[in-house]
>>> print(open('work_5.csv').read())   # CSV, N, CA and C atoms
chain,number,residue,atom,x,y,z
A,170,MET,N,-3.2,-11.2,16.2
A,170,MET,CA,-4.2,-10.4,16.7
A,170,MET,C,-4.2,-10.6,18.3
A,171,ARG,N,-4.3,-9.5,19.0
A,171,ARG,CA,-4.3,-9.6,20.4
A,171,ARG,C,-5.7,-10.0,20.9
A,172,THR,N,-5.8,-10.6,22.0
A,172,THR,CA,-7.1,-11.1,22.6
A,172,THR,C,-8.1,-10.0,22.7
A,173,SER,N,-7.6,-8.8,23.1
A,173,SER,CA,-8.5,-7.7,23.4
A,173,SER,C,-9.2,-7.2,22.1
A,174,GLY,N,-8.7,-7.5,20.9
A,174,GLY,CA,-9.4,-7.1,19.7
A,174,GLY,C,-10.2,-8.2,19.1
A,175,LEU,N,-10.3,-9.3,19.8
A,175,LEU,CA,-11.0,-10.5,19.3
A,175,LEU,C,-12.5,-10.4,19.3
A,176,LEU,N,-13.1,-9.8,20.3
A,176,LEU,CA,-14.5,-9.6,20.4
A,176,LEU,C,-15.1,-8.7,19.3
A,177,PRO,N,-14.5,-7.5,19.1
A,177,PRO,CA,-15.0,-6.7,18.0
A,177,PRO,C,-14.8,-7.3,16.6
A,178,THR,N,-13.7,-8.0,16.5
A,178,THR,CA,-13.4,-8.7,15.2
A,178,THR,C,-14.4,-9.8,14.9
A,179,PHE,N,-14.7,-10.6,16.0
A,179,PHE,CA,-15.6,-11.6,15.8
A,179,PHE,C,-17.0,-11.1,15.4
A,180,LEU,N,-17.5,-10.1,16.1
A,180,LEU,CA,-18.8,-9.5,15.9
A,180,LEU,C,-18.9,-8.9,14.5
A,181,PHE,N,-17.9,-8.1,14.1
A,181,PHE,CA,-17.9,-7.5,12.8
A,181,PHE,C,-17.8,-8.6,11.7
A,182,SER,N,-16.9,-9.5,11.8
A,182,SER,CA,-16.8,-10.6,10.8
A,182,SER,C,-18.1,-11.4,10.7
A,183,LEU,N,-18.7,-11.7,11.8
A,183,LEU,CA,-19.9,-12.5,11.8
A,183,LEU,C,-21.0,-11.7,11.1
A,184,ILE,N,-21.2,-10.5,11.4
A,184,ILE,CA,-22.2,-9.6,10.8
A,184,ILE,C,-22.1,-9.6,9.3
A,185,ILE,N,-20.8,-9.3,8.9
A,185,ILE,CA,-20.6,-9.2,7.4
A,185,ILE,C,-20.9,-10.5,6.7
A,186,ALA,N,-20.4,-11.6,7.3
A,186,ALA,CA,-20.6,-12.9,6.7
A,186,ALA,C,-22.1,-13.3,6.6
A,187,LEU,N,-22.8,-13.0,7.7
A,187,LEU,CA,-24.2,-13.3,7.7
A,187,LEU,C,-25.0,-12.4,6.8
A,188,LEU,N,-24.7,-11.2,6.7
A,188,LEU,CA,-25.3,-10.3,5.7
A,188,LEU,C,-25.1,-10.7,4.3
A,189,ILE,N,-23.9,-11.1,3.9
A,189,ILE,CA,-23.6,-11.6,2.6
A,189,ILE,C,-24.4,-12.9,2.3
A,190,SER,N,-24.4,-13.8,3.3
A,190,SER,CA,-25.1,-15.0,3.2
A,190,SER,C,-26.6,-14.8,3.0
A,191,PHE,N,-27.1,-13.9,3.8
A,191,PHE,CA,-28.6,-13.6,3.8
A,191,PHE,C,-29.0,-13.1,2.4
A,192,TRP,N,-28.2,-12.1,1.9
A,192,TRP,CA,-28.4,-11.6,0.6
A,192,TRP,C,-28.4,-12.7,-0.5
A,193,LEU,N,-27.4,-13.5,-0.4
A,193,LEU,CA,-27.3,-14.6,-1.4
A,193,LEU,C,-28.5,-15.6,-1.2
A,194,HIS,N,-28.9,-15.8,0.0
A,194,HIS,CA,-30.1,-16.7,0.3
A,194,HIS,C,-31.3,-16.1,-0.3
A,195,LEU,N,-31.5,-14.8,-0.2
A,195,LEU,CA,-32.7,-14.1,-0.7
A,195,LEU,C,-32.7,-14.2,-2.3
A,196,LEU,N,-31.5,-14.0,-2.9
A,196,LEU,CA,-31.4,-14.1,-4.3
A,196,LEU,C,-31.7,-15.5,-4.8
A,197,TRP,N,-31.3,-16.5,-4.0
A,197,TRP,CA,-31.6,-17.9,-4.4
A,197,TRP,C,-33.1,-18.2,-4.3
A,198,GLN,N,-33.7,-17.6,-3.2
A,198,GLN,CA,-35.2,-17.8,-3.1
A,198,GLN,C,-35.9,-17.2,-4.3
A,199,ASP,N,-35.5,-16.0,-4.7
A,199,ASP,CA,-36.1,-15.4,-5.9
A,199,ASP,C,-35.9,-16.2,-7.1
A,200,TYR,N,-34.7,-16.8,-7.3
A,200,TYR,CA,-34.4,-17.6,-8.4
A,200,TYR,C,-35.2,-18.9,-8.4
A,201,ALA,N,-35.4,-19.5,-7.2
A,201,ALA,CA,-36.1,-20.7,-7.1
A,201,ALA,C,-37.6,-20.5,-7.1
A,202,GLY,N,-38.1,-19.3,-7.2
A,202,GLY,CA,-39.5,-19.0,-7.2
A,202,GLY,C,-40.2,-19.1,-5.9
A,203,LEU,N,-39.4,-19.1,-4.8
A,203,LEU,CA,-40.0,-19.1,-3.5
A,203,LEU,C,-40.3,-17.8,-3.0
A,204,GLU,N,-41.2,-17.7,-2.0
A,204,GLU,CA,-41.6,-16.4,-1.4
A,204,GLU,C,-40.4,-15.9,-0.7
A,205,ARG,N,-40.1,-14.6,-0.8
A,205,ARG,CA,-38.9,-14.0,-0.2
A,205,ARG,C,-39.1,-14.1,1.3
A,206,GLY,N,-38.1,-14.6,2.0
A,206,GLY,CA,-38.1,-14.7,3.4
A,206,GLY,C,-38.9,-15.9,4.0
A,207,SER,N,-39.3,-16.8,3.1
A,207,SER,CA,-40.1,-18.0,3.5
A,207,SER,C,-39.2,-18.9,4.3
A,208,ASP,N,-39.8,-19.9,4.9
A,208,ASP,CA,-39.1,-20.9,5.7
A,208,ASP,C,-38.4,-20.4,6.9
A,209,LEU,N,-39.0,-19.3,7.5
A,209,LEU,CA,-38.5,-18.7,8.7
A,209,LEU,C,-37.1,-18.1,8.5
A,210,LEU,N,-36.8,-17.7,7.3
A,210,LEU,CA,-35.4,-17.2,7.0
A,210,LEU,C,-35.0,-16.1,7.9
A,211,TYR,N,-35.8,-15.0,8.0
A,211,TYR,CA,-35.4,-13.9,8.8
A,211,TYR,C,-35.2,-14.3,10.3
A,212,LEU,N,-36.1,-15.1,10.8
A,212,LEU,CA,-36.0,-15.5,12.2
A,212,LEU,C,-34.7,-16.4,12.3
A,213,SER,N,-34.4,-17.2,11.4
A,213,SER,CA,-33.3,-18.1,11.5
A,213,SER,C,-32.0,-17.3,11.5
A,214,TYR,N,-31.8,-16.4,10.6
A,214,TYR,CA,-30.6,-15.6,10.6
A,214,TYR,C,-30.5,-14.7,11.9
A,215,THR,N,-31.6,-14.2,12.4
A,215,THR,CA,-31.5,-13.4,13.6
A,215,THR,C,-31.2,-14.2,14.8
A,216,VAL,N,-31.9,-15.3,15.0
A,216,VAL,CA,-31.7,-16.2,16.1
A,216,VAL,C,-30.3,-16.7,16.1
A,217,ASN,N,-29.8,-17.2,15.0
A,217,ASN,CA,-28.4,-17.7,14.9
A,217,ASN,C,-27.4,-16.7,15.3
A,218,PHE,N,-27.6,-15.4,14.8
A,218,PHE,CA,-26.7,-14.4,15.1
A,218,PHE,C,-26.7,-14.1,16.6
A,219,LEU,N,-27.9,-13.9,17.2
A,219,LEU,CA,-28.0,-13.6,18.6
A,219,LEU,C,-27.4,-14.7,19.5
A,220,LEU,N,-27.6,-16.0,19.1
A,220,LEU,CA,-27.1,-17.1,19.9
A,220,LEU,C,-25.6,-17.1,19.8
A,221,ALA,N,-25.1,-17.0,18.6
A,221,ALA,CA,-23.6,-17.1,18.3
A,221,ALA,C,-22.9,-15.9,19.0
A,222,SER,N,-23.5,-14.8,18.9
A,222,SER,CA,-22.9,-13.6,19.6
A,222,SER,C,-22.9,-13.7,21.1
A,223,GLY,N,-24.1,-14.1,21.6
A,223,GLY,CA,-24.2,-14.3,23.1
A,223,GLY,C,-23.3,-15.3,23.6
A,224,ILE,N,-23.2,-16.4,23.0
A,224,ILE,CA,-22.3,-17.5,23.4
A,224,ILE,C,-20.9,-17.1,23.4
A,225,PHE,N,-20.5,-16.4,22.3
A,225,PHE,CA,-19.1,-16.0,22.2
A,225,PHE,C,-18.7,-14.9,23.2
A,226,ILE,N,-19.7,-14.0,23.4
A,226,ILE,CA,-19.4,-12.9,24.4
A,226,ILE,C,-19.3,-13.5,25.8
A,227,LEU,N,-20.1,-14.5,26.1
A,227,LEU,CA,-20.0,-15.2,27.4
A,227,LEU,C,-18.6,-15.9,27.5
A,228,LEU,N,-18.2,-16.6,26.4
A,228,LEU,CA,-16.9,-17.2,26.4
A,228,LEU,C,-15.7,-16.2,26.6
A,229,TYR,N,-15.9,-15.1,25.9
A,229,TYR,CA,-14.9,-14.1,26.0
A,229,TYR,C,-14.8,-13.5,27.4
A,230,MET,N,-15.9,-13.3,28.0
A,230,MET,CA,-16.0,-12.7,29.4
A,230,MET,C,-15.4,-13.7,30.4
A,231,LEU,N,-15.6,-15.0,30.2
A,231,LEU,CA,-15.2,-16.0,31.1
A,231,LEU,C,-13.8,-16.6,30.8
A,232,ARG,N,-13.1,-16.1,29.8
A,232,ARG,CA,-11.9,-16.7,29.3
A,232,ARG,C,-10.8,-16.7,30.3
A,233,ARG,N,-10.7,-15.8,31.3
A,233,ARG,CA,-9.7,-15.8,32.3
A,233,ARG,C,-10.1,-16.7,33.5
A,234,LYS,N,-11.3,-16.4,34.0
A,234,LYS,CA,-11.7,-17.1,35.2
A,234,LYS,C,-11.9,-18.6,35.0
A,235,TYR,N,-12.4,-19.0,33.9
A,235,TYR,CA,-12.7,-20.4,33.6
A,235,TYR,C,-11.9,-20.9,32.4
A,236,LYS,N,-10.6,-20.5,32.3
A,236,LYS,CA,-9.8,-20.8,31.1
A,236,LYS,C,-9.8,-22.3,30.8
A,237,TYR,N,-9.9,-23.2,31.8
A,237,TYR,CA,-9.8,-24.6,31.6
A,237,TYR,C,-11.2,-25.2,31.3
A,238,GLN,N,-12.2,-24.4,31.4
A,238,GLN,CA,-13.6,-24.9,31.1
A,238,GLN,C,-14.2,-24.3,29.9
A,239,ILE,N,-13.4,-23.5,29.2
A,239,ILE,CA,-13.9,-22.8,28.0
A,239,ILE,C,-14.5,-23.8,27.0
A,240,GLY,N,-13.9,-24.9,26.7
A,240,GLY,CA,-14.4,-25.9,25.8
A,240,GLY,C,-15.7,-26.5,26.2
A,241,PHE,N,-15.9,-26.7,27.5
A,241,PHE,CA,-17.1,-27.2,28.0
A,241,PHE,C,-18.3,-26.2,27.9
A,242,ILE,N,-17.9,-25.0,28.2
A,242,ILE,CA,-18.9,-23.9,28.0
A,242,ILE,C,-19.3,-23.7,26.6
A,243,TYR,N,-18.4,-23.9,25.7
A,243,TYR,CA,-18.6,-23.8,24.2
A,243,TYR,C,-19.6,-24.9,23.9
A,244,MET,N,-19.3,-26.2,24.4
A,244,MET,CA,-20.2,-27.3,24.1
A,244,MET,C,-21.6,-27.1,24.7
A,245,GLY,N,-21.7,-26.4,25.8
A,245,GLY,CA,-23.0,-26.1,26.4
A,245,GLY,C,-23.8,-25.1,25.5
A,246,GLY,N,-23.0,-24.2,24.9
A,246,GLY,CA,-23.6,-23.2,24.0
A,246,GLY,C,-24.2,-24.0,22.7
A,247,SER,N,-23.5,-25.0,22.3
A,247,SER,CA,-24.0,-25.8,21.2
A,247,SER,C,-25.3,-26.5,21.5
A,248,LEU,N,-25.3,-27.0,22.8
A,248,LEU,CA,-26.5,-27.7,23.2
A,248,LEU,C,-27.7,-26.7,23.3
A,249,LEU,N,-27.4,-25.5,23.7
A,249,LEU,CA,-28.4,-24.5,23.8
A,249,LEU,C,-29.0,-24.2,22.4
A,250,LYS,N,-28.1,-24.2,21.4
A,250,LYS,CA,-28.6,-23.9,20.0
A,250,LYS,C,-29.5,-25.1,19.5
A,251,PHE,N,-29.1,-26.3,19.8
A,251,PHE,CA,-30.0,-27.4,19.4
A,251,PHE,C,-31.3,-27.3,20.1
A,252,LEU,N,-31.4,-27.0,21.4
A,252,LEU,CA,-32.6,-26.8,22.1
A,252,LEU,C,-33.5,-25.7,21.4
A,253,VAL,N,-32.9,-24.6,21.1
A,253,VAL,CA,-33.6,-23.5,20.4
A,253,VAL,C,-34.2,-24.0,19.1
A,254,PHE,N,-33.4,-24.7,18.3
A,254,PHE,CA,-33.8,-25.2,17.1
A,254,PHE,C,-35.1,-26.1,17.3
A,255,PHE,N,-35.0,-27.1,18.2
A,255,PHE,CA,-36.1,-28.0,18.4
A,255,PHE,C,-37.3,-27.4,19.0
A,256,LEU,N,-37.1,-26.3,19.7
A,256,LEU,CA,-38.3,-25.6,20.3
A,256,LEU,C,-38.9,-24.5,19.4
A,257,LEU,N,-38.0,-23.9,18.7
A,257,LEU,CA,-38.5,-22.7,17.9
A,257,LEU,C,-38.7,-23.0,16.4
A,258,PHE,N,-37.9,-23.8,15.8
A,258,PHE,CA,-37.9,-24.0,14.3
A,258,PHE,C,-38.6,-25.3,13.9
A,259,TYR,N,-38.2,-26.4,14.6
A,259,TYR,CA,-38.6,-27.7,14.2
A,259,TYR,C,-40.1,-27.9,14.1
A,260,PRO,N,-40.9,-27.4,15.1
A,260,PRO,CA,-42.4,-27.6,14.9
A,260,PRO,C,-42.9,-26.9,13.7
A,261,GLY,N,-42.4,-25.7,13.3
A,261,GLY,CA,-42.9,-25.0,12.1
A,261,GLY,C,-42.5,-25.8,10.8
A,262,TYR,N,-41.3,-26.3,10.9
A,262,TYR,CA,-40.8,-27.0,9.7
A,262,TYR,C,-41.5,-28.4,9.5
A,263,ARG,N,-42.0,-28.9,10.6
A,263,ARG,CA,-42.7,-30.2,10.5
A,263,ARG,C,-44.2,-30.1,10.4
A,264,GLU,N,-44.7,-28.9,10.3
A,264,GLU,CA,-46.2,-28.8,10.2
A,264,GLU,C,-46.8,-29.6,9.1
A,265,ASP,N,-46.1,-29.7,8.0
A,265,ASP,CA,-46.7,-30.5,6.9
A,265,ASP,C,-46.1,-31.9,6.8
A,266,ALA,N,-45.4,-32.3,7.9
A,266,ALA,CA,-44.8,-33.6,8.1
A,266,ALA,C,-43.7,-33.9,7.1
A,267,LEU,N,-43.1,-32.8,6.6
A,267,LEU,CA,-42.0,-32.9,5.7
A,267,LEU,C,-41.1,-31.7,5.8
A,268,VAL,N,-39.8,-31.9,6.0
A,268,VAL,CA,-38.8,-30.8,6.1
A,268,VAL,C,-38.2,-30.7,4.7
A,269,THR,N,-38.5,-29.7,4.0
A,269,THR,CA,-38.0,-29.5,2.6
A,269,THR,C,-36.5,-29.1,2.6
A,270,LYS,N,-35.9,-29.2,1.4
A,270,LYS,CA,-34.5,-28.7,1.3
A,270,LYS,C,-34.4,-27.2,1.6
A,271,SER,N,-35.4,-26.5,1.2
A,271,SER,CA,-35.4,-25.1,1.4
A,271,SER,C,-35.5,-24.7,2.9
A,272,GLU,N,-36.3,-25.5,3.6
A,272,GLU,CA,-36.4,-25.3,5.1
A,272,GLU,C,-35.1,-25.7,5.8
A,273,PHE,N,-34.6,-26.8,5.4
A,273,PHE,CA,-33.3,-27.2,5.9
A,273,PHE,C,-32.2,-26.2,5.7
A,274,GLY,N,-32.1,-25.7,4.5
A,274,GLY,CA,-31.1,-24.7,4.2
A,274,GLY,C,-31.3,-23.4,4.9
A,275,ALA,N,-32.6,-23.0,5.1
A,275,ALA,CA,-32.9,-21.7,5.8
A,275,ALA,C,-32.4,-21.7,7.2
A,276,PHE,N,-32.4,-22.9,7.9
A,276,PHE,CA,-31.8,-22.9,9.2
A,276,PHE,C,-30.3,-23.3,9.2
A,277,PHE,N,-30.0,-24.3,8.4
A,277,PHE,CA,-28.6,-24.9,8.5
A,277,PHE,C,-27.6,-24.0,7.9
A,278,ILE,N,-27.8,-23.2,6.9
A,278,ILE,CA,-26.8,-22.3,6.4
A,278,ILE,C,-26.3,-21.2,7.4
A,279,PRO,N,-27.2,-20.5,8.0
A,279,PRO,CA,-26.8,-19.5,9.0
A,279,PRO,C,-26.2,-20.2,10.3
A,280,TYR,N,-26.8,-21.4,10.6
A,280,TYR,CA,-26.2,-22.2,11.8
A,280,TYR,C,-24.8,-22.6,11.5
A,281,LEU,N,-24.5,-23.1,10.3
A,281,LEU,CA,-23.2,-23.6,10.0
A,281,LEU,C,-22.2,-22.4,9.9
A,282,LEU,N,-22.6,-21.3,9.4
A,282,LEU,CA,-21.8,-20.1,9.3
A,282,LEU,C,-21.4,-19.6,10.7
A,283,CYS,N,-22.4,-19.5,11.5
A,283,CYS,CA,-22.2,-19.1,12.9
A,283,CYS,C,-21.3,-20.1,13.7
A,284,LEU,N,-21.5,-21.4,13.5
A,284,LEU,CA,-20.7,-22.4,14.1
A,284,LEU,C,-19.2,-22.3,13.7
A,285,LEU,N,-19.0,-22.0,12.4
A,285,LEU,CA,-17.7,-21.9,11.9
A,285,LEU,C,-16.9,-20.7,12.6
A,286,PHE,N,-17.6,-19.6,12.6
A,286,PHE,CA,-17.0,-18.4,13.3
A,286,PHE,C,-16.8,-18.6,14.7
A,287,GLU,N,-17.8,-19.2,15.4
A,287,GLU,CA,-17.6,-19.5,16.8
A,287,GLU,C,-16.4,-20.4,17.1
A,288,THR,N,-16.3,-21.4,16.3
A,288,THR,CA,-15.2,-22.4,16.5
A,288,THR,C,-13.8,-21.8,16.3
A,289,VAL,N,-13.7,-21.0,15.2
A,289,VAL,CA,-12.4,-20.4,14.9
A,289,VAL,C,-12.0,-19.4,15.9
A,290,PHE,N,-13.0,-18.6,16.4
A,290,PHE,CA,-12.6,-17.5,17.3
A,290,PHE,C,-12.5,-18.1,18.8
A,291,THR,N,-13.2,-19.2,19.1
A,291,THR,CA,-13.0,-19.8,20.4
A,291,THR,C,-11.6,-20.5,20.4
A,292,ALA,N,-11.2,-21.0,19.3
A,292,ALA,CA,-9.8,-21.6,19.2
A,292,ALA,C,-8.8,-20.5,19.5
A,293,LYS,N,-9.1,-19.3,18.9
A,293,LYS,CA,-8.2,-18.2,19.2
A,293,LYS,C,-8.1,-17.8,20.7
A,294,ILE,N,-9.3,-17.8,21.3
A,294,ILE,CA,-9.3,-17.6,22.8
A,294,ILE,C,-8.4,-18.6,23.5
A,295,LEU,N,-8.6,-19.9,23.1
A,295,LEU,CA,-7.8,-20.9,23.8
A,295,LEU,C,-6.3,-20.8,23.5
A,296,LEU,N,-6.0,-20.4,22.3
A,296,LEU,CA,-4.6,-20.3,22.0
A,296,LEU,C,-3.9,-19.1,22.6
A,297,ARG,N,-4.7,-18.1,22.9
A,297,ARG,CA,-4.2,-16.9,23.5
A,297,ARG,C,-4.2,-16.8,25.0
A,298,ASN,N,-4.9,-17.8,25.6
A,298,ASN,CA,-5.0,-17.9,27.1
A,298,ASN,C,-3.7,-18.1,27.7
A,299,PRO,N,-3.3,-17.3,28.7
A,299,PRO,CA,-2.0,-17.4,29.3
A,299,PRO,C,-1.9,-18.8,30.1
A,300,LYS,N,-0.8,-19.3,30.1
A,300,LYS,CA,-0.5,-20.6,30.8
A,300,LYS,C,-0.4,-20.3,32.3
A,301,VAL,N,-0.8,-21.3,33.1
A,301,VAL,CA,-0.6,-21.1,34.6
A,301,VAL,C,0.8,-21.4,35.0
>>> encode(input="work_5.csv", output="structure tokens")
Amino acid sequence: MRTSGLLPTFLFSLIIALLISFWLHLLWQDYAGLERGSDLLYLSYTVNFLLASGIFILLYMLRRKYKYQIGFIYMGGSLLKFLVFFLLFYPGYREDALVTKSEFGAFFIPYLLCLLFETVFTAKILLRNPKV
């Protein structure tokens, strides 16, 4: 795959994977007797998609100018995701002084899926970057 097709492929693959995961997550919530979309599920999938997309688009745009710093920019994006989690999700999950497995899964499943896609496609950027 050429580098020029990497961004649309990333976005399309991520959207499809997250939609499938979200659908399975809703089915699991129904099966477990939980309220559909509970545990900030909608917000979690949306925020994780937006962060992963934004970080990867930034990496893609900076791939030539900062080719030797891409890994550090990627790690900065991971730090941003942790900050968003602790500012946006953690207080709601800790309201009852207990983070349930359902709450943990509601954030961690889309986070892990996005992280996987970001890592694989960032590696492709690094492998395709021309040598100096």
>>> closest_residue(input="work_5.csv", among="A:Leu195, A:Ala221, A:Leu248, A:Leu212", to="Phe286 of chain A", atoms="all atoms listed in the file")
A:Ala221
>>> atom_distance(input="work_5.csv", atom1="atom N of Lys236 of chain A", atom2="atom N of Gly174 of chain A")
17.4 Å
>>> closest_residue(input="work_5.csv", among="A:Leu203, A:Asp208, A:Ile242, A:Ser182", to="Phe273 of chain A", atoms="all atoms listed in the file")
A:Asp208
>>> atom_distance(input="work_5.csv", atom1="atom CA of Ala275 of chain A", atom2="atom CA of Trp197 of chain A")
11.0 Å
>>> closest_residue(input="work_5.csv", among="A:Gly206, A:Pro177, A:Gly245, A:Gly223", to="Glu272 of chain A", atoms="only C-alpha atoms")
A:Gly206
>>> closest_residue(input="work_5.csv", among="A:Tyr214, A:Phe181, A:Phe241, A:Tyr259", to="Tyr280 of chain A", atoms="all atoms listed in the file")
A:Tyr214
>>> residues_around(input="work_5.csv", residues="Phe179 of chain A", least_positions_apart="5", cutoff="8 Å", atoms="all atoms listed in the file", output="PyMOL selection string")
chain A and resi 174+184-185+222+286-287+290
>>> closest_residue(input="work_5.csv", among="A:Ser247, A:Leu296, A:Leu196, A:Leu187", to="Phe218 of chain A", atoms="only N, CA and C atoms")
A:Leu187
>>> closest_residue(input="work_5.csv", among="A:Ala266, A:Leu183, A:Ala292, A:Leu176", to="Ile226 of chain A", atoms="all atoms listed in the file")
A:Leu176
>>> atom_distance(input="work_5.csv", atom1="atom CA of Leu219 of chain A", atom2="atom N of Asp265 of chain A")
26.4 Å
>>> select_by_dssp(input="work_5.csv", residues="chain A", states="alpha helix (DSSP H)", output="PyMOL selection string")
chain A and resi 175-201+210-230+239-253+259-262+270-297
